[in-house]
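Source file: query.txt. Holds: compact mmCIF, C-alpha atoms.
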# COMPACT_ATOMS: atom_id res chain seq x y z
CA MET A 1 197.78 50.06 150.79
CA PHE A 2 198.32 53.50 149.25
CA ASN A 3 199.92 56.78 150.28
CA TRP A 4 198.56 59.83 148.50
CA GLN A 5 199.87 62.47 150.87
CA GLY A 6 200.59 65.57 148.77
CA LYS A 7 198.51 64.30 145.83
CA ARG A 8 195.61 66.38 144.53
CA LEU A 9 192.53 64.83 142.89
CA LEU A 10 189.73 66.57 140.99
CA ILE A 11 186.45 64.62 140.82
CA LEU A 12 183.77 65.50 138.28
CA GLY A 13 180.34 65.48 139.89
CA ALA A 14 179.43 65.69 143.58
CA THR A 15 176.49 63.30 144.16
CA LYS A 16 176.11 60.95 147.14
CA LEU A 17 177.77 58.21 145.12
CA ILE A 18 180.62 60.51 144.07
CA ALA A 19 181.15 61.12 147.79
CA GLU A 20 182.28 57.46 147.96
CA ILE A 21 185.16 58.30 145.62
CA ALA A 22 186.01 61.42 147.61
CA ALA A 23 185.99 59.52 150.90
CA GLU A 24 188.24 56.77 149.51
CA ALA A 25 190.73 59.33 148.17
CA LYS A 26 190.83 61.17 151.49
CA ARG A 27 191.21 57.86 153.35
CA TRP A 28 194.72 57.54 151.91
CA GLY A 29 195.69 61.17 152.28
CA ALA A 30 194.78 62.87 148.99
CA PHE A 31 193.54 66.44 148.68
CA VAL A 32 190.11 66.25 147.01
CA ALA A 33 188.28 68.87 144.96
CA VAL A 34 184.83 68.20 143.48
CA ALA A 35 183.00 70.12 140.77
CA ASP A 36 179.34 70.52 139.86
CA TYR A 37 176.79 73.33 139.56
CA PHE A 38 174.95 72.71 142.87
CA GLU A 39 176.06 74.56 146.00
CA ASP A 40 175.05 71.86 148.50
CA SER A 41 175.92 68.63 146.69
CA PRO A 42 176.69 65.75 149.11
CA ALA A 43 180.32 65.24 148.06
CA LYS A 44 181.04 68.92 148.63
CA LYS A 45 180.42 68.41 152.34
CA ILE A 46 183.47 66.14 152.67
CA ALA A 47 185.74 67.51 149.94
CA ASP A 48 188.70 69.77 150.69
CA GLU A 49 187.55 72.16 147.98
CA ALA A 50 184.11 72.55 146.39
CA LEU A 51 183.95 74.12 142.93
CA LEU A 52 180.70 75.71 141.79
CA VAL A 53 181.46 74.76 138.20
CA ASP A 54 179.56 72.64 135.72
CA ALA A 55 181.48 69.35 135.56
CA THR A 56 181.31 69.51 131.75
CA ASP A 57 182.87 73.00 131.61
CA VAL A 58 186.18 71.71 130.29
CA ASP A 59 187.67 75.17 129.65
CA THR A 60 187.20 76.38 133.24
CA LEU A 61 188.33 73.08 134.75
CA THR A 62 191.42 72.90 132.53
CA THR A 63 192.49 76.28 133.91
CA TYR A 64 191.77 75.10 137.46
CA ILE A 65 193.86 71.95 136.98
CA ARG A 66 196.85 73.89 135.66
CA GLU A 67 196.71 76.67 138.25
CA ASN A 68 196.20 74.33 141.21
CA HIS A 69 198.70 71.60 140.29
CA ILE A 70 196.10 68.81 140.17
CA ASP A 71 197.67 65.34 139.85
CA GLY A 72 194.61 63.44 138.61
CA VAL A 73 191.02 63.61 137.42
CA LEU A 74 188.28 61.02 137.90
CA THR A 75 184.54 60.50 137.74
CA GLY A 76 182.28 57.51 138.10
CA PHE A 77 178.84 55.90 138.42
CA ALA A 78 177.39 57.55 135.28
CA ASP A 79 178.47 57.61 131.65
CA SER A 80 177.42 61.22 131.07
CA LEU A 81 180.60 62.77 132.54
CA LEU A 82 183.08 60.42 130.87
CA PRO A 83 183.50 62.56 127.71
CA ALA A 84 184.43 65.58 129.87
CA TYR A 85 186.82 63.39 131.87
CA MET A 86 188.58 62.22 128.71
CA GLU A 87 188.83 65.73 127.26
CA LEU A 88 190.28 67.14 130.50
CA CYS A 89 192.90 64.41 130.55
CA ARG A 90 193.77 65.08 126.89
CA ARG A 91 194.22 68.79 127.48
CA THR A 92 196.23 68.48 130.66
CA GLY A 93 198.19 65.30 129.98
CA LEU A 94 196.86 63.60 133.12
CA PRO A 95 196.40 59.80 133.21
CA CYS A 96 193.24 58.57 131.44
CA TYR A 97 192.19 54.92 131.44
CA LEU A 98 189.54 55.41 128.73
CA ASP A 99 189.45 56.25 125.01
CA ASP A 100 186.69 57.04 122.51
CA THR A 101 186.30 53.50 121.17
CA GLN A 102 186.17 51.99 124.64
CA LEU A 103 183.55 54.53 125.70
CA ARG A 104 181.49 53.78 122.59
CA PHE A 105 181.62 50.06 123.40
CA THR A 106 180.11 50.65 126.84
CA THR A 107 177.54 53.30 125.85
CA ASP A 108 176.41 52.23 122.35
CA LYS A 109 174.51 48.96 122.71
CA ALA A 110 174.56 48.27 118.96
CA PHE A 111 178.37 48.66 118.80
CA PHE A 112 178.65 46.53 121.95
CA LYS A 113 176.82 43.67 120.24
CA GLU A 114 178.83 44.08 117.03
CA LEU A 115 182.16 43.65 118.82
CA CYS A 116 180.85 40.77 120.93
CA ARG A 117 179.84 38.89 117.79
CA LYS A 118 183.25 39.57 116.24
CA CYS A 119 184.92 37.90 119.23
CA GLY A 120 182.60 34.88 119.31
CA ILE A 121 180.58 36.06 122.32
CA PRO A 122 176.85 35.22 122.11
CA VAL A 123 174.38 38.13 122.22
CA ILE A 124 170.60 38.45 122.40
CA ARG A 125 168.68 38.18 119.14
CA GLU A 126 167.52 41.56 117.83
CA TYR A 127 164.93 42.62 115.26
CA ALA A 128 165.32 44.98 112.31
CA ASP A 129 162.65 47.58 111.53
CA GLY A 130 159.59 45.88 110.08
CA GLU A 131 160.79 42.37 110.93
CA LYS A 132 158.18 40.04 112.44
CA MET A 133 158.74 39.85 116.20
CA ASN A 134 158.21 36.96 118.59
CA PHE A 135 156.68 38.60 121.66
CA PRO A 136 157.53 39.41 124.37
CA VAL A 137 160.32 41.74 123.27
CA LEU A 138 162.47 44.31 125.04
CA ILE A 139 162.81 47.79 123.56
CA LYS A 140 165.57 50.13 124.71
CA PRO A 141 167.66 53.13 123.57
CA VAL A 142 171.08 52.23 122.18
CA ASP A 143 172.64 55.11 124.15
CA ASN A 144 171.23 55.25 127.67
CA SER A 145 171.88 53.57 131.02
CA GLY A 146 170.40 53.26 134.49
CA ALA A 147 167.48 51.22 133.09
CA ARG A 148 166.00 54.40 131.62
CA GLY A 149 163.79 54.02 128.56
CA ILE A 150 163.61 50.22 128.68
CA TYR A 151 160.21 48.55 128.26
CA ILE A 152 158.79 45.05 127.94
CA CYS A 153 156.26 44.70 125.10
CA HIS A 154 153.82 41.80 124.81
CA ASP A 155 152.02 42.74 121.58
CA GLU A 156 152.07 45.19 118.65
CA GLU A 157 149.88 47.77 120.39
CA GLU A 158 152.09 47.86 123.47
CA PHE A 159 155.18 48.00 121.25
CA ALA A 160 153.90 51.08 119.37
CA ARG A 161 153.19 52.88 122.65
CA CYS A 162 156.52 51.97 124.30
CA ARG A 163 158.51 52.81 121.19
CA LYS A 164 157.47 56.47 121.52
CA LEU A 165 158.42 56.46 125.21
CA ALA A 166 161.81 54.83 124.58
CA LEU A 167 162.69 57.34 121.87
CA GLY A 168 162.40 60.08 124.49
CA PHE A 169 165.45 58.62 126.24
CA SER A 170 167.71 58.36 123.17
CA LYS A 171 169.81 61.31 122.03
CA SER A 172 170.58 59.50 118.78
CA GLY A 173 166.96 58.50 118.15
CA GLN A 174 168.00 54.85 117.80
CA LEU A 175 166.44 51.88 119.55
CA LEU A 176 167.23 48.20 119.98
CA VAL A 177 164.46 45.63 119.90
CA GLU A 178 165.47 42.24 121.31
CA ASP A 179 163.99 39.00 122.51
CA TYR A 180 162.95 39.27 126.15
CA LEU A 181 164.92 36.58 127.99
CA ASN A 182 163.80 35.14 131.30
CA TYR A 183 167.07 33.53 132.42
CA ASN A 184 168.89 34.25 135.67
CA GLU A 185 171.30 37.18 135.50
CA ALA A 186 174.93 37.65 136.47
CA THR A 187 177.54 40.41 136.45
CA ALA A 188 181.21 39.90 135.62
CA PHE A 189 183.63 42.35 137.24
CA TYR A 190 187.01 42.89 135.54
CA ILE A 191 190.14 44.74 136.62
CA PHE A 192 192.78 45.71 134.04
CA ILE A 193 196.41 46.19 135.03
CA ASP A 194 198.93 47.10 132.31
CA GLY A 195 196.99 45.25 129.61
CA LYS A 196 196.20 42.15 131.66
CA ALA A 197 192.50 41.39 132.25
CA HIS A 198 191.74 39.92 135.69
CA LEU A 199 188.31 38.47 136.47
CA ALA A 200 187.61 39.75 139.98
CA ALA A 201 184.18 38.13 140.35
CA LEU A 202 181.15 36.68 138.66
CA ALA A 203 178.16 37.49 140.86
CA ASP A 204 174.58 36.32 140.49
CA ARG A 205 172.41 39.40 139.93
CA HIS A 206 169.01 38.66 141.42
CA VAL A 207 166.21 40.65 139.81
CA THR A 208 162.59 40.95 140.86
CA PRO A 209 159.41 42.41 139.28
CA VAL A 210 158.41 45.80 140.67
CA LYS A 211 155.56 46.80 138.35
CA GLU A 212 153.79 45.44 135.28
CA GLY A 213 155.37 46.50 131.99
CA VAL A 214 158.77 47.60 133.32
CA ILE A 215 161.98 45.60 133.58
CA ARG A 216 162.84 43.67 136.70
CA LEU A 217 165.24 45.41 139.06
CA PRO A 218 168.09 43.98 141.15
CA SER A 219 167.30 42.99 144.72
CA GLY A 220 170.92 42.04 145.28
CA TYR A 221 174.03 40.11 144.28
CA THR A 222 175.58 36.92 145.61
CA TYR A 223 179.30 36.17 145.26
CA PRO A 224 180.57 33.97 143.75
CA SER A 225 178.06 32.77 141.16
CA PRO A 226 177.73 28.99 140.65
CA GLY A 227 178.47 29.80 137.00
CA THR A 228 181.98 31.09 137.79
CA GLU A 229 183.82 27.89 136.91
CA LYS A 230 182.15 27.59 133.50
CA PHE A 231 182.64 31.32 132.84
CA VAL A 232 186.38 30.98 133.48
CA ALA A 233 186.59 27.91 131.25
CA GLN A 234 184.44 29.07 128.32
CA SER A 235 183.83 32.83 128.36
CA HIS A 236 186.90 34.45 129.89
CA GLY A 237 189.14 33.76 126.90
CA LYS A 238 186.60 35.29 124.51
CA PHE A 239 186.40 38.40 126.64
CA GLU A 240 190.19 38.61 126.76
CA LYS A 241 190.07 38.70 122.94
CA LEU A 242 187.47 41.44 123.11
CA PHE A 243 189.56 43.50 125.53
CA ARG A 244 192.59 43.17 123.23
CA GLU A 245 190.40 44.33 120.33
CA LEU A 246 189.54 47.40 122.40
CA ASN A 247 193.18 47.87 123.50
CA ILE A 248 192.23 48.17 127.15
CA ARG A 249 195.26 48.74 129.35
CA ASN A 250 193.98 49.84 132.77
CA GLY A 251 190.68 50.42 134.54
CA ILE A 252 187.67 48.51 135.85
CA MET A 253 184.67 47.17 133.94
CA PHE A 254 181.42 45.38 134.66
CA LEU A 255 179.51 43.21 132.18
CA GLN A 256 175.88 42.35 132.87
CA GLY A 257 174.36 39.33 131.23
CA PHE A 258 172.16 36.26 131.40
CA LEU A 259 173.15 32.82 132.63
CA THR A 260 171.31 30.16 130.67
CA ASP A 261 170.17 26.90 132.25
CA ASP A 262 173.51 25.44 131.10
CA MET A 263 175.40 28.36 132.73
CA ASP A 264 176.37 29.97 129.42
CA PHE A 265 176.91 33.74 129.79
CA ILE A 266 175.12 36.08 127.34
CA PRO A 267 176.12 39.74 127.96
CA TYR A 268 173.74 42.60 127.30
CA GLU A 269 175.42 45.66 128.83
CA SER A 270 178.73 46.92 130.19
CA GLY A 271 180.25 49.91 131.93
CA PHE A 272 183.89 51.00 131.94
CA ARG A 273 183.72 52.91 135.22
CA VAL A 274 182.93 52.66 138.90
CA THR A 275 179.46 51.16 139.30
CA GLY A 276 176.74 51.87 141.85
CA SER A 277 176.84 48.29 143.15
CA LEU A 278 179.93 49.36 145.18
CA GLU A 279 181.49 45.93 144.81
CA PHE A 280 184.92 47.30 145.82
CA ARG A 281 183.76 46.99 149.46
CA ILE A 282 183.23 43.25 149.01
CA PHE A 283 186.56 42.85 147.20
CA GLU A 284 188.40 44.57 150.03
CA ALA A 285 186.70 42.48 152.71
CA GLU A 286 187.06 39.12 150.94
CA CYS A 287 190.23 39.44 148.84
CA ARG A 288 192.21 42.33 150.39
CA PHE A 289 192.22 44.65 147.37
CA ASN A 290 190.06 47.66 146.55
CA SER A 291 189.23 48.28 142.89
CA LEU A 292 188.06 51.86 143.49
CA ALA A 293 191.30 52.73 145.29
CA MET A 294 193.22 51.19 142.38
CA LEU A 295 191.39 53.43 139.92
CA ILE A 296 192.12 56.50 142.06
CA ASN A 297 195.77 55.47 142.21
CA PHE A 298 195.83 55.31 138.41
CA ALA A 299 194.37 58.80 138.21
CA LEU A 300 197.03 60.16 140.57
CA THR A 301 200.07 58.19 139.44
CA GLY A 302 199.37 56.46 136.11
CA SER A 303 199.55 53.02 137.72
CA MET A 304 196.74 50.82 139.08
CA VAL A 305 198.90 49.22 141.77
CA THR A 306 201.94 49.78 143.97
CA GLU A 307 202.72 46.06 144.18
CA ASP A 308 201.79 42.82 142.45
CA ILE A 309 198.31 41.84 143.64
CA SER A 310 197.48 39.28 140.94
CA GLU A 311 197.30 36.45 143.49
CA LYS A 312 194.69 38.35 145.49
CA ILE A 313 192.33 38.77 142.53
CA ASN A 314 190.42 35.48 142.70
CA PRO A 315 186.79 35.08 141.56
CA PHE A 316 186.43 31.99 143.79
CA PHE A 317 185.84 33.75 147.11
CA PRO A 318 186.82 32.08 150.41
CA GLU A 319 183.19 32.49 151.57
CA GLU A 320 179.89 33.69 150.13
CA ALA A 321 179.32 37.44 150.15
CA TYR A 322 176.23 39.48 149.40
CA ASN A 323 175.02 42.86 148.24
CA ILE A 324 171.45 43.41 149.43
CA SER A 325 169.87 46.02 147.16
CA CYS A 326 166.74 47.36 148.87
CA LEU A 327 164.21 48.78 146.42
CA MET A 328 161.68 51.43 147.35
CA LYS A 329 158.37 52.58 145.98
CA PRO A 330 158.31 56.13 144.59
CA GLY A 331 157.25 58.61 147.26
CA LYS A 332 158.49 61.18 149.76
CA ILE A 333 160.82 60.01 152.52
CA ALA A 334 159.85 61.35 155.93
CA LYS A 335 161.96 59.11 158.15
CA ILE A 336 164.73 56.51 157.97
CA GLU A 337 164.94 54.06 160.88
CA GLY A 338 167.45 51.41 161.93
CA ALA A 339 170.54 52.79 160.16
CA GLU A 340 172.78 52.66 163.24
CA GLU A 341 171.71 49.15 164.22
CA LEU A 342 172.39 47.89 160.71
CA ALA A 343 175.81 49.52 160.36
CA ALA A 344 176.93 48.13 163.74
CA LEU A 345 176.56 44.48 162.67
CA GLU A 346 179.82 42.54 162.40
CA ASN A 347 179.09 41.15 158.94
CA VAL A 348 177.97 44.46 157.44
CA LYS A 349 180.91 46.00 155.60
CA ASP A 350 179.07 49.01 154.20
CA CYS A 351 175.61 50.59 154.12
CA PHE A 352 174.86 53.10 151.40
CA TYR A 353 171.60 55.07 151.54
CA SER A 354 170.77 56.65 148.19
CA TYR A 355 168.39 59.18 149.74
CA ASP A 356 167.94 61.19 152.92
CA ALA A 357 164.84 62.12 154.88
CA GLY A 358 163.05 64.86 152.94
CA ASP A 359 164.02 63.47 149.52
CA GLU A 360 161.35 62.34 147.09
CA LEU A 361 161.45 59.68 144.38
CA PRO A 362 159.06 60.67 141.57
CA GLN A 363 156.53 58.20 140.15
CA GLU A 364 158.29 58.14 136.76
CA ASN A 365 161.16 56.24 138.39
CA TRP A 366 159.23 52.97 138.48
CA GLY A 367 161.42 50.40 136.74
CA ARG A 368 164.65 52.39 137.01
CA LEU A 369 167.75 51.81 139.10
CA ALA A 370 166.84 54.98 140.98
CA GLN A 371 164.50 52.72 143.01
CA ILE A 372 167.51 51.24 144.82
CA ALA A 373 167.32 53.08 148.13
CA LEU A 374 169.84 51.12 150.20
CA ARG A 375 172.76 48.81 149.45
CA VAL A 376 174.14 46.63 152.23
CA GLN A 377 177.45 44.81 151.67
CA VAL A 378 177.53 41.59 153.70
CA THR A 379 180.21 38.94 154.37
CA GLY A 380 180.26 35.87 156.60
CA GLY A 381 178.58 33.32 154.39
CA LYS A 382 174.97 32.18 154.77
CA GLU A 383 174.97 32.61 158.56
CA GLY A 384 176.27 36.18 158.35
CA TYR A 385 173.64 36.98 155.72
CA ARG A 386 170.86 35.46 157.86
CA LYS A 387 171.76 37.59 160.88
CA VAL A 388 171.82 40.77 158.80
CA VAL A 389 168.43 40.05 157.21
CA GLU A 390 166.92 39.34 160.64
CA THR A 391 168.01 42.76 161.87
CA MET A 392 166.82 44.50 158.70
CA LYS A 393 163.36 42.97 158.96
CA LYS A 394 163.08 44.06 162.60
CA SER A 395 164.45 47.60 162.45
CA THR A 396 165.31 48.90 158.94
CA ARG A 397 162.53 51.13 157.66
CA ILE A 398 162.05 53.99 155.19
CA LEU A 399 158.74 55.70 155.85
CA ASP A 400 156.59 58.21 153.99
CA PRO A 401 154.83 61.13 155.79
CA ASP A 402 151.86 58.87 156.64
CA GLY A 403 154.09 56.25 158.24
CA ASN A 404 153.80 53.82 155.34
CA GLU A 405 156.79 51.62 154.53
CA LEU A 406 158.41 52.51 151.21
CA LEU A 407 160.88 49.61 151.09
CA ILE A 408 159.86 46.75 148.81
CA ASN A 409 162.47 44.21 149.96
CA LYS A 410 164.82 43.77 152.92
CA GLU A 411 166.56 40.68 151.61
CA ILE A 412 167.71 39.32 148.27
CA VAL A 413 164.68 38.04 146.35
CA ARG A 414 165.91 34.97 144.51

Show me the file's structure as structure tokens.
Amino acid sequence: MFNWQGKRLLILGATKLIAEIAAEAKRWGAFVAVADYFEDSPAKKIADEALLVDATDVDTLTTYIRENHIDGVLTGFADSLLPAYMELCRRTGLPCYLDDTQLRFTTDKAFFKELCRKCGIPVIREYADGEKMNFPVLIKPVDNSGARGIYICHDEEEFARCRKLALGFSKSGQLLVEDYLNYNEATAFYIFIDGKAHLAALADRHVTPVKEGVIRLPSGYTYPSPGTEKFVAQSHGKFEKLFRELNIRNGIMFLQGFLTDDMDFIPYESGFRVTGSLEFRIFEAECRFNSLAMLINFALTGSMVTEDISEKINPFFPEEAYNISCLMKPGKIAKIEGAEELAALENVKDCFYSYDAGDELPQENWGRLAQIALRVQVTGGKEGYRKVVETMKKSTRILDPDGNELLINKEIVR
């Protein structure tokens, strides 16, 4: 697909997820350097060069880029490093798929809703300060992600308590208060190539309660969503208008939202970056393109593709595919069992463990995406999914020091 022999990529951050970017770049021959301030970060174990440099230290990294003839810079999975990514690209003239307005759209929930309204896209009702609320409501920072600082409030007393907690997660000190909707959820995945927006998939995002008072978390995704046809007919054109408003040329974006009973899509969040759902594995298996590799190619060459792949990008998959997102209770991991058996299954295209034995998930992570301990990408339709779930229930375990199971689900809870 790609040939990056002789190309040199600098990746900001070196987490386990960032290691996915590093591995994909090395798969096609690139030299990979990663930068963060931890000596033993996971991505540093597979990178060609590990820099003990804060990934936001733009001055030091600018010098490194110039002295080491770096061809591209990239980061992903979290919004926090995107400003440093943009500034490094500005200083060095390297390809950058993102600008300040586009970043604001995906990190400022109030601005997100403002632009959606401008383009005729429905959004969730919100409440001004002092306005009478119809409980339950959702309270969340306008400028955070990863489900941090989001709370469900059922009355005024609970709202007052959660408001203080939510403010602790907002750098700007601004919160959004919205109606709490109980519809099914879906995620739209877009790929941009030279100004053209391609809908790669609309996937049902299945969420499940994990604890009273916190938001439901994803137990998995199914591709394609039954709402895909209506999304293409009614929503896609409005989003194309939005993308033109933002002047998006290249890159990848996800949009999370609700699907009403009539299959109308109401977005509530977006990200203009690689996402932790690792959907590029499904795209490669089902449609023969890889959105992460395309983003790396843009970083190294200034182009998303080496050939026309528009016919491959089709949200109507040839068969159902699945992302099983296994949630875990907070606790210390003593042992992980069944990883080899799971990875060996024909219909398993990727297994990503967020944690290793010895890691600990603190109690404050209840209700956050940090509870996703394992993602399993599955193809083969319903039968392939059934076989994978059977194996997971028999052998996949994450245990605490007392031998207690930490996993909450080993299948998609619908």

With 10 Å as the threshold, what does the neighbourhood of (161.7, 52.4, 154.8) contain in terms of residues, counting all atoms listed in the file? Coordinates are those of the file; answer as a PyMOL selection string. chain A and resi 326-329+333-338+373-374+395-400+403-410

Please determine, counting only C-alpha atoms, which residue among A:Leu278, A:Pro267, A:Asn182, A:Leu300 has the shortest atom-to-atom distance to Gly93 in chain A. A:Leu300

Please return as number ranges by chain every residue within 12 Å of (156.9, 44.0, 136.9), taking into account all atoms listed in the file and the file's own coordinates. A: 151-153, 207-218, 366-368

Write out as a list in words each polymer residue whose atoms come within 9 Å of Ile124 in chain A, counting all atoms listed in the file; drop sequence neighbours fewer than 6 positions from it.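 Neighbouring residues, sequence-local ones excluded: Lys113, Glu178, Asp179, Tyr180, Leu181, Ile266, Pro267 and Tyr268 of chain A.
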
Out of A:Phe38, A:Phe189, A:Tyr64, A:Phe31, which residue has the shortest atom-to-atom distance to Ser291 in chain A when counting all atoms listed in the file?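 Closest to Ser291 in chain A, using all atoms listed in the file: A:Phe189.
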
Contacts of Phe317 in chain A at 8 Å or less, counting all atoms listed in the file, minus same-chain residues fewer than 2 places along, as a PyMOL selection string? chain A and resi 223-224+286-287+314-315+319-320

May I have the residues within 12 Å of Glu20 in chain A as a PyMOL selection string, using all atoms listed in the file and disregarding those fewer than 6 positions away in the same chain? chain A and resi 11+13-14+26-27+32+34+42-47+75-77+274-281+292-293+296+350-354

Using only C-alpha atoms, determine which residues lie at most 12 Å from Ser41 in chain A, disregarding the query and same-chain residues fewer than 6 positions distant; provide the list as a PyMOL selection string. chain A and resi 12-19+34-35+47+50-53

Dump as a Markdown table the rows for residues of range 206-312 of chain A within 10 Å of range 65-72 of chain A: closest atom pair and distance in Å with one decimal, all atoms listed in the file counted, ordered by chain and rising residue number.
| residue | atom | partner | partner_atom | distance |
| --- | --- | --- | --- | --- |
| A:Ile296 | CA | A:Gly72 | CA | 8.1 |
| A:Asn297 | CA | A:Gly72 | CA | 8.8 |
| A:Phe298 | CA | A:Gly72 | CA | 8.2 |
| A:Ala299 | CA | A:Gly72 | CA | 4.7 |
| A:Leu300 | CA | A:Gly72 | CA | 4.5 |
| A:Thr301 | CA | A:Asp71 | CA | 7.6 |
| A:Gly302 | CA | A:Gly72 | CA | 8.8 |

Identify which of the residues A:Glu390, A:Asp204, A:Glu307, A:Asp262 lies closest to Glu411 in chain A, counting all atoms listed in the file when measuring atom-to-atom distances. A:Glu390
